[in-house]
>>> print(open('my_file.txt').read())   # compact mmCIF, C-alpha atoms
# COMPACT_ATOMS: atom_id res chain seq x y z
CA MET A 1 90.86 74.41 136.68
CA SER A 2 88.84 77.57 137.23
CA SER A 3 86.97 78.88 134.21
CA PRO A 4 85.11 82.10 133.43
CA ALA A 5 81.44 81.53 132.77
CA PRO A 6 80.81 80.97 129.06
CA GLN A 7 77.98 82.62 127.18
CA ASP A 8 74.66 80.82 127.32
CA THR A 9 72.97 80.89 123.92
CA GLY A 10 70.02 78.63 124.56
CA HIS A 11 70.86 75.10 123.49
CA GLN A 12 74.50 75.99 122.79
CA ARG A 13 76.99 77.42 125.24
CA LEU A 14 79.61 79.55 123.50
CA TRP A 15 82.87 80.72 125.01
CA SER A 16 84.39 83.95 123.79
CA VAL A 17 87.99 83.96 122.58
CA ASP A 18 89.00 86.04 125.59
CA GLU A 19 87.31 83.68 128.06
CA HIS A 20 88.99 80.63 126.60
CA LEU A 21 92.42 82.30 126.59
CA ALA A 22 91.93 83.48 130.17
CA ASP A 23 91.09 79.90 131.18
CA VAL A 24 94.26 78.61 129.52
CA LEU A 25 96.50 81.23 131.12
CA ALA A 26 94.91 80.77 134.55
CA THR A 27 95.87 77.09 134.44
CA VAL A 28 99.37 77.28 132.96
CA ARG A 29 102.15 78.02 135.43
CA PRO A 30 105.76 79.00 134.63
CA LEU A 31 108.22 76.12 134.73
CA GLU A 32 110.52 75.77 137.74
CA PRO A 33 113.93 77.47 137.32
CA ILE A 34 117.08 75.44 136.70
CA GLU A 35 120.79 76.22 136.31
CA LEU A 36 122.02 75.80 132.73
CA GLN A 37 125.25 76.17 130.82
CA LEU A 38 125.27 79.29 128.67
CA LEU A 39 124.55 77.72 125.29
CA ASP A 40 121.86 75.51 126.79
CA ALA A 41 120.20 78.64 128.17
CA GLN A 42 119.70 80.26 124.75
CA GLY A 43 116.05 81.20 124.31
CA CYS A 44 115.33 80.85 128.02
CA VAL A 45 114.10 83.52 130.42
CA LEU A 46 116.46 84.73 133.12
CA VAL A 47 115.03 84.45 136.66
CA GLU A 48 117.60 86.55 138.52
CA ASP A 49 119.37 89.85 138.08
CA VAL A 50 122.95 89.39 136.92
CA THR A 51 125.49 91.96 138.12
CA VAL A 52 128.94 92.57 136.70
CA PRO A 53 131.71 91.08 138.88
CA VAL A 54 134.58 92.84 137.09
CA ALA A 55 134.80 95.88 134.85
CA LEU A 56 134.55 95.32 131.13
CA PRO A 57 137.02 95.76 129.58
CA PRO A 58 139.10 94.90 132.67
CA PHE A 59 142.05 97.10 131.57
CA ASP A 60 142.87 99.96 129.22
CA ASN A 61 143.48 98.43 125.80
CA SER A 62 144.15 99.38 122.21
CA SER A 63 141.35 99.66 119.67
CA MET A 64 143.82 99.58 116.77
CA ASP A 65 146.91 97.81 115.51
CA GLY A 66 149.67 100.40 115.81
CA TYR A 67 152.14 101.88 118.26
CA ALA A 68 151.73 102.84 121.89
CA VAL A 69 153.35 106.26 122.38
CA ARG A 70 153.70 109.26 124.66
CA THR A 71 151.78 112.22 123.22
CA ALA A 72 154.65 114.67 123.73
CA ASP A 73 156.86 112.54 121.48
CA VAL A 74 154.52 112.78 118.47
CA GLN A 75 153.37 116.36 118.90
CA GLY A 76 153.68 118.22 115.58
CA ALA A 77 154.59 115.07 113.61
CA THR A 78 154.03 115.21 109.84
CA GLU A 79 154.96 113.08 106.83
CA GLU A 80 157.67 115.62 105.95
CA PHE A 81 158.93 115.83 109.52
CA PRO A 82 157.99 112.56 111.23
CA ALA A 83 158.62 111.76 114.86
CA VAL A 84 161.29 109.07 115.01
CA LEU A 85 160.86 106.71 117.97
CA ALA A 86 162.78 103.69 119.20
CA VAL A 87 160.63 100.53 119.16
CA ILE A 88 161.18 98.64 122.42
CA GLY A 89 159.04 95.54 121.77
CA ASP A 90 155.63 94.05 121.04
CA VAL A 91 152.46 94.11 123.15
CA ALA A 92 150.06 91.45 121.93
CA ALA A 93 146.57 90.61 123.16
CA GLY A 94 146.99 88.47 126.24
CA SER A 95 150.40 89.88 127.10
CA GLY A 96 151.30 89.64 130.76
CA GLU A 97 154.60 91.45 131.37
CA LEU A 98 154.47 94.83 129.66
CA PRO A 99 157.39 97.04 128.61
CA THR A 100 157.44 100.59 129.97
CA VAL A 101 157.33 103.25 127.26
CA GLY A 102 159.78 106.04 128.08
CA PRO A 103 160.56 109.33 126.34
CA GLY A 104 161.37 108.85 122.66
CA GLN A 105 160.11 105.28 122.69
CA ALA A 106 157.16 103.31 121.27
CA ALA A 107 155.86 99.75 121.54
CA ARG A 108 154.13 97.87 118.75
CA ILE A 109 150.64 97.11 120.02
CA MET A 110 147.84 94.92 118.69
CA THR A 111 144.08 95.42 118.90
CA GLY A 112 142.82 94.36 122.33
CA ALA A 113 146.27 94.38 123.92
CA PRO A 114 146.71 96.22 127.25
CA LEU A 115 148.14 99.74 127.09
CA PRO A 116 151.69 99.51 128.47
CA PRO A 117 152.90 101.73 131.31
CA GLY A 118 154.12 105.15 130.19
CA ALA A 119 152.07 105.13 126.98
CA GLU A 120 149.29 107.71 126.67
CA ALA A 121 147.85 107.00 123.22
CA VAL A 122 147.96 104.65 120.26
CA VAL A 123 148.81 105.74 116.74
CA PRO A 124 147.42 103.40 114.03
CA VAL A 125 150.05 101.64 111.96
CA GLU A 126 148.70 103.47 108.88
CA TRP A 127 149.94 106.73 110.45
CA THR A 128 153.48 105.36 110.47
CA ASP A 129 156.04 103.74 108.19
CA GLY A 130 155.56 100.45 110.08
CA GLY A 131 159.27 100.48 110.98
CA ALA A 132 160.24 99.79 107.39
CA GLY A 133 161.15 103.31 106.34
CA GLY A 134 159.47 105.13 103.50
CA GLY A 135 155.79 106.09 103.28
CA ALA A 136 152.68 105.07 105.16
CA ALA A 137 152.42 101.40 106.05
CA SER A 138 149.35 99.35 105.20
CA GLY A 139 149.94 96.85 108.00
CA MET A 140 152.44 95.27 110.33
CA THR A 141 154.99 92.64 109.45
CA PRO A 142 153.90 89.41 111.20
CA ALA A 143 155.93 88.81 114.35
CA ALA A 144 156.49 85.14 113.46
CA THR A 145 158.12 85.91 110.12
CA ALA A 146 160.02 89.05 111.14
CA PRO A 147 160.63 89.18 114.91
CA GLU A 148 163.05 92.03 114.32
CA GLY A 149 159.98 94.17 113.58
CA ALA A 150 159.56 94.56 117.32
CA GLY A 151 162.78 96.58 117.44
CA GLY A 152 164.47 99.35 115.47
CA GLU A 153 162.80 102.65 114.72
CA VAL A 154 159.38 103.80 113.60
CA ARG A 155 158.49 107.06 111.92
CA VAL A 156 155.16 108.55 113.04
CA HIS A 157 153.51 110.91 110.53
CA ARG A 158 150.70 112.36 112.66
CA PRO A 159 150.24 113.61 116.21
CA ALA A 160 147.90 111.85 118.67
CA GLU A 161 145.87 113.25 121.52
CA ALA A 162 145.90 111.64 124.93
CA ARG A 163 143.79 108.44 125.07
CA ALA A 164 143.47 108.31 121.28
CA HIS A 165 142.47 104.80 120.16
CA VAL A 166 142.42 103.56 123.74
CA ARG A 167 139.41 101.69 125.13
CA ALA A 168 139.18 102.66 128.79
CA ARG A 169 138.82 100.13 131.58
CA GLY A 170 135.11 99.82 132.45
CA SER A 171 133.97 101.77 129.36
CA ASP A 172 131.51 98.96 128.55
CA VAL A 173 130.28 98.12 132.04
CA GLN A 174 131.59 98.80 135.53
CA ALA A 175 131.89 96.26 138.33
CA GLY A 176 128.60 96.20 140.23
CA ASP A 177 126.52 97.36 137.26
CA LEU A 178 123.36 95.46 136.34
CA ALA A 179 124.30 93.33 133.34
CA LEU A 180 120.92 91.69 132.68
CA ALA A 181 117.63 91.97 134.55
CA ALA A 182 115.42 89.07 135.54
CA GLY A 183 112.87 88.41 132.80
CA THR A 184 115.37 88.88 129.97
CA VAL A 185 115.13 86.36 127.14
CA LEU A 186 118.66 85.13 126.44
CA GLY A 187 119.63 85.57 122.80
CA PRO A 188 123.12 85.60 121.27
CA PRO A 189 124.05 89.15 122.45
CA GLN A 190 122.97 88.34 126.02
CA ILE A 191 124.89 85.04 125.96
CA ALA A 192 127.94 87.00 124.77
CA LEU A 193 127.66 89.47 127.65
CA LEU A 194 127.32 86.68 130.21
CA ALA A 195 130.42 85.00 128.82
CA ALA A 196 132.33 88.30 128.73
CA ILE A 197 131.74 88.88 132.45
CA GLY A 198 132.79 85.33 133.29
CA ARG A 199 129.46 83.60 133.88
CA GLY A 200 129.60 79.93 132.85
CA THR A 201 126.07 79.07 133.99
CA VAL A 202 122.89 81.01 134.57
CA ARG A 203 119.59 80.40 136.34
CA VAL A 204 116.64 80.37 133.95
CA ARG A 205 113.24 78.89 133.32
CA PRO A 206 113.82 76.13 130.74
CA ARG A 207 112.27 76.16 127.30
CA PRO A 208 108.97 74.26 127.48
CA ARG A 209 108.83 70.79 125.93
CA VAL A 210 105.80 70.72 123.64
CA VAL A 211 104.54 67.47 122.12
CA VAL A 212 102.47 67.94 118.95
CA MET A 213 100.38 65.14 117.51
CA SER A 214 97.85 65.10 114.69
CA THR A 215 95.02 62.59 114.44
CA GLY A 216 93.29 61.05 111.46
CA SER A 217 93.43 57.73 109.62
CA GLU A 218 93.51 59.70 106.36
CA LEU A 219 96.89 61.27 107.14
CA VAL A 220 100.08 60.18 105.36
CA GLN A 221 103.59 61.41 106.18
CA PRO A 222 105.27 63.65 103.58
CA GLY A 223 107.53 61.61 101.31
CA GLU A 224 105.21 58.60 101.30
CA THR A 225 102.81 57.70 98.51
CA LEU A 226 99.22 58.92 98.73
CA ALA A 227 96.51 56.31 98.43
CA ALA A 228 92.88 57.00 97.55
CA GLY A 229 91.22 59.15 100.18
CA THR A 230 94.43 60.15 101.95
CA ILE A 231 96.19 63.49 102.40
CA TYR A 232 99.57 64.55 103.69
CA ASP A 233 99.89 65.46 107.37
CA SER A 234 100.75 69.16 107.41
CA ASN A 235 99.32 70.16 110.78
CA SER A 236 101.88 68.41 112.97
CA PHE A 237 104.71 70.00 110.98
CA ALA A 238 103.13 73.45 111.09
CA LEU A 239 102.43 73.33 114.81
CA ALA A 240 105.81 71.85 115.73
CA ALA A 241 107.48 74.65 113.76
CA ALA A 242 105.20 77.22 115.41
CA ALA A 243 106.06 75.84 118.84
CA ARG A 244 109.76 76.24 118.09
CA ASP A 245 109.13 79.75 116.84
CA ALA A 246 107.38 80.54 120.13
CA GLY A 247 110.46 79.43 122.08
CA ALA A 248 109.67 75.79 122.88
CA ILE A 249 111.45 72.51 122.31
CA ALA A 250 109.02 70.71 120.00
CA TYR A 251 108.48 66.99 119.58
CA ARG A 252 106.34 65.95 116.63
CA VAL A 253 104.44 62.68 116.80
CA GLY A 254 103.37 61.12 113.51
CA ALA A 255 99.67 60.99 112.76
CA VAL A 256 97.63 58.81 115.12
CA ALA A 257 94.86 56.72 113.58
CA ASP A 258 91.20 57.29 114.48
CA ASP A 259 91.18 54.91 117.43
CA ALA A 260 90.52 56.14 120.96
CA ASP A 261 92.57 53.43 122.69
CA THR A 262 95.58 54.08 120.44
CA LEU A 263 95.37 57.81 121.10
CA ARG A 264 95.10 57.35 124.88
CA SER A 265 98.12 55.06 124.81
CA THR A 266 100.12 57.50 122.67
CA ILE A 267 99.32 60.41 124.99
CA GLU A 268 100.31 58.36 128.03
CA ASP A 269 103.64 57.50 126.38
CA GLN A 270 104.32 61.17 125.56
CA LEU A 271 103.58 62.58 129.01
CA ILE A 272 107.09 61.77 130.23
CA ARG A 273 108.61 64.38 127.91
CA ALA A 274 105.84 66.97 127.76
CA ASP A 275 105.32 70.24 129.58
CA LEU A 276 102.44 70.87 127.17
CA LEU A 277 100.51 68.55 124.84
CA VAL A 278 98.89 69.78 121.64
CA THR A 279 96.59 67.65 119.50
CA THR A 280 95.00 68.61 116.22
CA GLY A 281 91.87 67.09 114.74
CA GLY A 282 89.05 65.06 116.19
CA VAL A 283 87.42 67.69 118.42
CA SER A 284 84.12 68.33 116.63
CA VAL A 285 80.90 66.27 116.63
CA GLY A 286 81.63 63.64 113.98
CA ALA A 287 81.48 59.87 114.51
CA TYR A 288 85.27 59.63 114.14
CA ASP A 289 86.32 62.61 116.26
CA VAL A 290 88.72 60.46 118.24
CA VAL A 291 90.33 63.13 120.44
CA LYS A 292 87.03 64.13 121.90
CA GLU A 293 86.05 60.48 122.41
CA ALA A 294 89.35 59.48 123.98
CA LEU A 295 89.83 62.44 126.27
CA THR A 296 86.21 62.69 127.35
CA SER A 297 86.42 59.12 128.63
CA VAL A 298 89.78 59.87 130.23
CA SER A 299 88.21 62.83 132.01
CA ALA A 300 85.50 60.48 133.25
CA GLY A 301 88.19 58.29 134.83
CA ASP A 302 88.31 55.35 132.41
CA ASP A 303 92.11 55.42 132.35
CA ALA A 304 93.65 56.13 135.74
CA ALA A 305 97.19 56.29 134.35
CA ALA A 306 96.31 59.22 132.11
CA ALA A 307 93.48 60.66 134.15
CA GLY A 308 92.76 64.31 133.74
CA ASN A 309 90.14 66.93 133.15
CA VAL A 310 89.67 67.97 129.53
CA ASP A 311 86.73 70.14 128.56
CA PHE A 312 85.50 70.35 124.97
CA ARG A 313 83.77 73.59 124.12
CA LYS A 314 82.62 75.80 121.29
CA LEU A 315 84.04 79.28 120.82
CA ALA A 316 82.46 82.32 119.22
CA MET A 317 85.16 82.53 116.55
CA GLN A 318 85.87 81.60 112.94
CA PRO A 319 87.89 79.61 112.11
CA GLY A 320 88.42 77.39 115.15
CA LYS A 321 85.01 77.05 116.77
CA PRO A 322 85.57 73.59 118.39
CA GLN A 323 88.32 73.57 121.04
CA GLY A 324 89.43 71.38 123.91
CA PHE A 325 91.46 72.32 126.96
CA GLY A 326 92.40 70.83 130.28
CA THR A 327 95.09 68.94 132.14
CA ILE A 328 96.03 65.28 131.94
CA GLY A 329 98.24 62.73 133.68
CA PRO A 330 99.73 62.59 137.19
CA ASP A 331 101.52 65.92 136.80
CA HIS A 332 98.41 67.68 135.43
CA THR A 333 100.13 68.47 132.15
CA PRO A 334 98.21 71.11 130.16
CA LEU A 335 96.62 69.83 126.94
CA LEU A 336 95.13 71.90 124.15
CA ALA A 337 93.05 70.06 121.56
CA LEU A 338 92.79 72.05 118.34
CA PRO A 339 90.54 71.52 115.31
CA GLY A 340 91.93 69.64 112.33
CA ASN A 341 91.42 72.01 109.41
CA PRO A 342 94.87 73.52 108.70
CA VAL A 343 93.91 77.19 109.02
CA SER A 344 91.70 76.53 112.07
CA SER A 345 94.57 74.65 113.66
CA TYR A 346 97.15 77.35 113.00
CA VAL A 347 94.94 80.26 114.04
CA SER A 348 94.04 78.38 117.24
CA PHE A 349 97.73 77.83 117.92
CA GLU A 350 98.51 81.53 117.56
CA LEU A 351 95.63 82.58 119.80
CA PHE A 352 95.90 79.96 122.55
CA VAL A 353 98.94 77.66 122.35
CA ARG A 354 101.58 80.30 121.72
CA PRO A 355 100.47 82.33 124.79
CA ALA A 356 100.52 79.11 126.85
CA ILE A 357 104.11 78.40 125.74
CA ARG A 358 105.19 81.94 126.54
CA ALA A 359 103.53 81.70 129.97
CA LEU A 360 105.37 78.42 130.68
CA MET A 361 108.61 80.25 129.81
CA GLY A 362 107.85 82.80 132.53
CA LEU A 363 107.35 85.79 130.26
CA PRO A 364 105.14 88.62 131.56
CA ALA A 365 101.50 88.87 130.46
CA SER A 366 102.42 91.73 128.12
CA ALA A 367 104.73 89.43 126.13
CA VAL A 368 102.67 86.26 125.73
CA ASN A 369 100.59 87.39 122.74
CA ARG A 370 101.70 88.37 119.27
CA PRO A 371 102.03 92.15 118.75
CA SER A 372 99.14 93.85 117.00
CA ALA A 373 98.61 97.03 115.03
CA ARG A 374 95.80 99.06 113.49
CA ALA A 375 95.54 99.05 109.72
CA VAL A 376 93.16 100.26 107.03
CA LEU A 377 91.56 97.53 104.93
CA THR A 378 92.30 97.69 101.21
CA CYS A 379 90.20 95.42 98.97
CA ASP A 380 87.81 95.57 96.03
CA LYS A 381 84.59 94.69 97.86
CA PRO A 382 83.22 94.33 101.40
CA LEU A 383 84.26 91.29 103.42
CA GLY A 384 81.54 89.24 105.07
CA SER A 385 81.75 87.91 108.61
CA PRO A 386 79.37 85.65 110.57
CA ALA A 387 77.23 87.34 113.20
CA GLY A 388 78.25 86.64 116.78
CA ARG A 389 81.69 85.30 115.91
CA ARG A 390 85.09 86.95 115.97
CA GLN A 391 86.60 86.24 112.58
CA TYR A 392 90.30 85.94 111.81
CA LEU A 393 91.13 86.50 108.14
CA ARG A 394 94.55 86.06 106.59
CA GLY A 395 96.12 89.32 105.53
CA LYS A 396 99.15 91.04 104.05
CA TYR A 397 100.20 93.99 106.21
CA ASP A 398 102.08 97.04 104.90
CA ALA A 399 103.66 98.89 107.82
CA ASP A 400 104.77 101.80 105.61
CA THR A 401 101.24 102.65 104.46
CA GLY A 402 99.39 101.31 107.50
CA THR A 403 97.18 99.12 105.31
CA VAL A 404 96.23 95.46 105.18
CA SER A 405 94.78 93.43 102.33
CA PRO A 406 93.13 89.99 102.41
CA VAL A 407 95.00 86.90 101.22
CA GLY A 408 92.81 84.07 99.91
CA GLY A 409 89.29 83.34 101.08
CA SER A 410 87.88 82.59 104.51
CA GLY A 411 87.82 78.79 104.13
CA SER A 412 89.56 76.94 106.97
CA HIS A 413 91.24 74.52 104.54
CA LEU A 414 93.04 77.16 102.45
CA ILE A 415 96.60 76.49 103.59
CA ALA A 416 98.23 78.01 100.49
CA ALA A 417 96.79 81.41 101.35
CA LEU A 418 98.08 81.06 104.90
CA ALA A 419 101.60 80.52 103.59
CA HIS A 420 101.49 83.95 101.91
CA ALA A 421 99.94 85.83 104.84
CA ASP A 422 101.91 87.74 107.47
CA SER A 423 99.01 88.81 109.66
CA LEU A 424 95.51 88.02 110.86
CA MET A 425 92.78 90.61 110.39
CA VAL A 426 90.40 90.64 113.34
CA VAL A 427 86.70 91.24 112.62
CA PRO A 428 84.70 91.80 115.84
CA GLU A 429 81.74 89.61 116.77
CA ASP A 430 79.15 92.34 116.13
CA VAL A 431 80.36 93.13 112.60
CA THR A 432 78.92 91.22 109.63
CA SER A 433 80.35 93.30 106.77
CA VAL A 434 83.67 95.11 106.56
CA GLU A 435 83.89 97.88 103.98
CA PRO A 436 87.12 98.86 102.23
CA GLY A 437 88.76 101.63 104.22
CA THR A 438 87.71 100.20 107.58
CA ASP A 439 90.22 100.44 110.42
CA LEU A 440 90.94 96.94 111.77
CA GLU A 441 93.05 95.30 114.43
CA VAL A 442 95.81 93.23 112.82
CA ILE A 443 97.75 90.49 114.62
CA LEU A 444 101.30 90.44 113.26
CA LEU A 445 102.64 86.93 112.60
CA GLY A 446 106.14 87.79 111.46
>>> encode(input="my_file.txt", output="structure tokens")
Amino acid sequence: MSSPAPQDTGHQRLWSVDEHLADVLATVRPLEPIELQLLDAQGCVLVEDVTVPVALPPFDNSSMDGYAVRTADVQGATEEFPAVLAVIGDVAAGSGELPTVGPGQAARIMTGAPLPPGAEAVVPVEWTDGGAGGGAASGMTPAATAPEGAGGEVRVHRPAEARAHVRARGSDVQAGDLALAAGTVLGPPQIALLAAIGRGTVRVRPRPRVVVMSTGSELVQPGETLAAGTIYDSNSFALAAAARDAGAIAYRVGAVADDADTLRSTIEDQLIRADLLVTTGGVSVGAYDVVKEALTSVSAGDDAAAAGNVDFRKLAMQPGKPQGFGTIGPDHTPLLALPGNPVSSYVSFELFVRPAIRALMGLPASAVNRPSARAVLTCDKPLGSPAGRRQYLRGKYDADTGTVSPVGGSGSHLIAALAHADSLMVVPEDVTSVEPGTDLEVILLG
């Protein structure tokens, strides 16, 4: 794992946010492509250009329920002097053998049905009497209940120009056209297009499998009863949800107690289903910071089965100063160890884990990070920021006015404020006070 040189600040070596992210992205490689069924490929990134094998639509077809006619036969038609045509049959969607429309004739036609030979246009049923005599029809009599509706006469009350209400063959895409380019993320509209042109499978990079685990003997699962000194585990839920939001398949592991051997064993068990491992908690300098203890000894070779290289470092940022990153196990699975405070954990995910997931998906460098904008700070008093650290403050962004306002304080435990924020305000390392009206970079979380 190659790493940019961190800053040397005397007794403490600090990495910048950009250096740490560059280290992560230099290590993570896109997953190998596989062939998947269409629905299984949703959310995946296409690795090949897909061309259209047949025109879409493959034949001229009707865009309305009505009658297929020759334009000369309805020229000058009015309600007072309708064109009276002989109905020679029905043309339904999926029809194979088609009747030929001759002079003075019409065929009932349904939306999506092929235009029969001889017909030049379609008149909507509302422009006719529907074959029932009298005024304008509101619809057709169902063929199953009145098969005689496919015969008899129809009175047409308006003229129609050539090709009226006809969808031309190839008007969507032509055979040989590029349907989807490599690098496209497959959402519902793209899946629809692939199905429409007859593709049953597609070659993609699979969605990364991300295993999220939180550590701490104080953590209790939601729904259970809190005992003295315990709190509910929110981090693993937040990060698993964030991983899904980023495009991954997320597996959440319940809180692991503060025991290095238990953690090493849990990680080893999870490697079989992980393209990326994410831990939260236990990366600082406390006596019970189990992730750092467990993975430092793993890096030193104490456990050959889960051997790896995990580096624990301090970043010039707030929140989220303590971070761990490296690879682990026989397949060198990337592992990001995040701090345990809820806001620190989530901000770290957005800055480092989400880009790693997007890189595993095979997205270009321009698409791995959240979008950002510039916004003017609106608040009652200046906001403080620690010298030498890039601070990320929760904010509420207003795109219409180009402004952003702080939500909650700067404490890394304030999860309620995070739930109401839709952005992160970025305060540069060399700024210690931000005045109202200052122009800031804003990372958009929505």
>>> closest_residue(input="my_file.txt", among="A:Gln270, A:Val310, A:Val91, A:Asp65", to="Ser138 in chain A", atoms="all atoms listed in the file")
A:Asp65
>>> closest_residue(input="my_file.txt", among="A:Leu239, A:Ile197, A:Ala255, A:Val283", to="Val220 in chain A", atoms="only C-alpha atoms")
A:Ala255
>>> axis_aligned_box(input="my_file.txt", around="range 54-60 of chain A", padding_each_side="4 Å", output="JSON")
{"center_x": 138.7, "center_y": 96.4, "center_z": 133.2, "size_x": 16.3, "size_y": 15.1, "size_z": 15.9}
>>> residues_around(input="my_file.txt", residues="Leu445 in chain A", least_positions_apart="4", cutoff="8 Å", atoms="only C-alpha atoms", output="PyMOL selection string")
chain A and resi 370+422-424
>>> residues_near_point(input="my_file.txt", point="(102.7, 71.7, 106.4)", cutoff="10 Å", atoms="all atoms listed in the file", output="PyMOL selection string")
chain A and resi 222+232-241+342+415-416+419
>>> write_last_selection(input="my_file.txt", atoms="C-alpha atoms", output="PDB file, keeping the file's coordinate frame")
ATOM      1  CA  PRO A 222     105.270  63.650 103.580  1.00  0.00           C
ATOM      2  CA  TYR A 232      99.570  64.550 103.690  1.00  0.00           C
ATOM      3  CA  ASP A 233      99.890  65.460 107.370  1.00  0.00           C
ATOM      4  CA  SER A 234     100.750  69.160 107.410  1.00  0.00           C
ATOM      5  CA  ASN A 235      99.320  70.160 110.780  1.00  0.00           C
ATOM      6  CA  SER A 236     101.880  68.410 112.970  1.00  0.00           C
ATOM      7  CA  PHE A 237     104.710  70.000 110.980  1.00  0.00           C
ATOM      8  CA  ALA A 238     103.130  73.450 111.090  1.00  0.00           C
ATOM      9  CA  LEU A 239     102.430  73.330 114.810  1.00  0.00           C
ATOM     10  CA  ALA A 240     105.810  71.850 115.730  1.00  0.00           C
ATOM     11  CA  ALA A 241     107.480  74.650 113.760  1.00  0.00           C
ATOM     12  CA  PRO A 342      94.870  73.520 108.700  1.00  0.00           C
ATOM     13  CA  ILE A 415      96.600  76.490 103.590  1.00  0.00           C
ATOM     14  CA  ALA A 416      98.230  78.010 100.490  1.00  0.00           C
ATOM     15  CA  ALA A 419     101.600  80.520 103.590  1.00  0.00           C
TER      16      ALA A 419
END
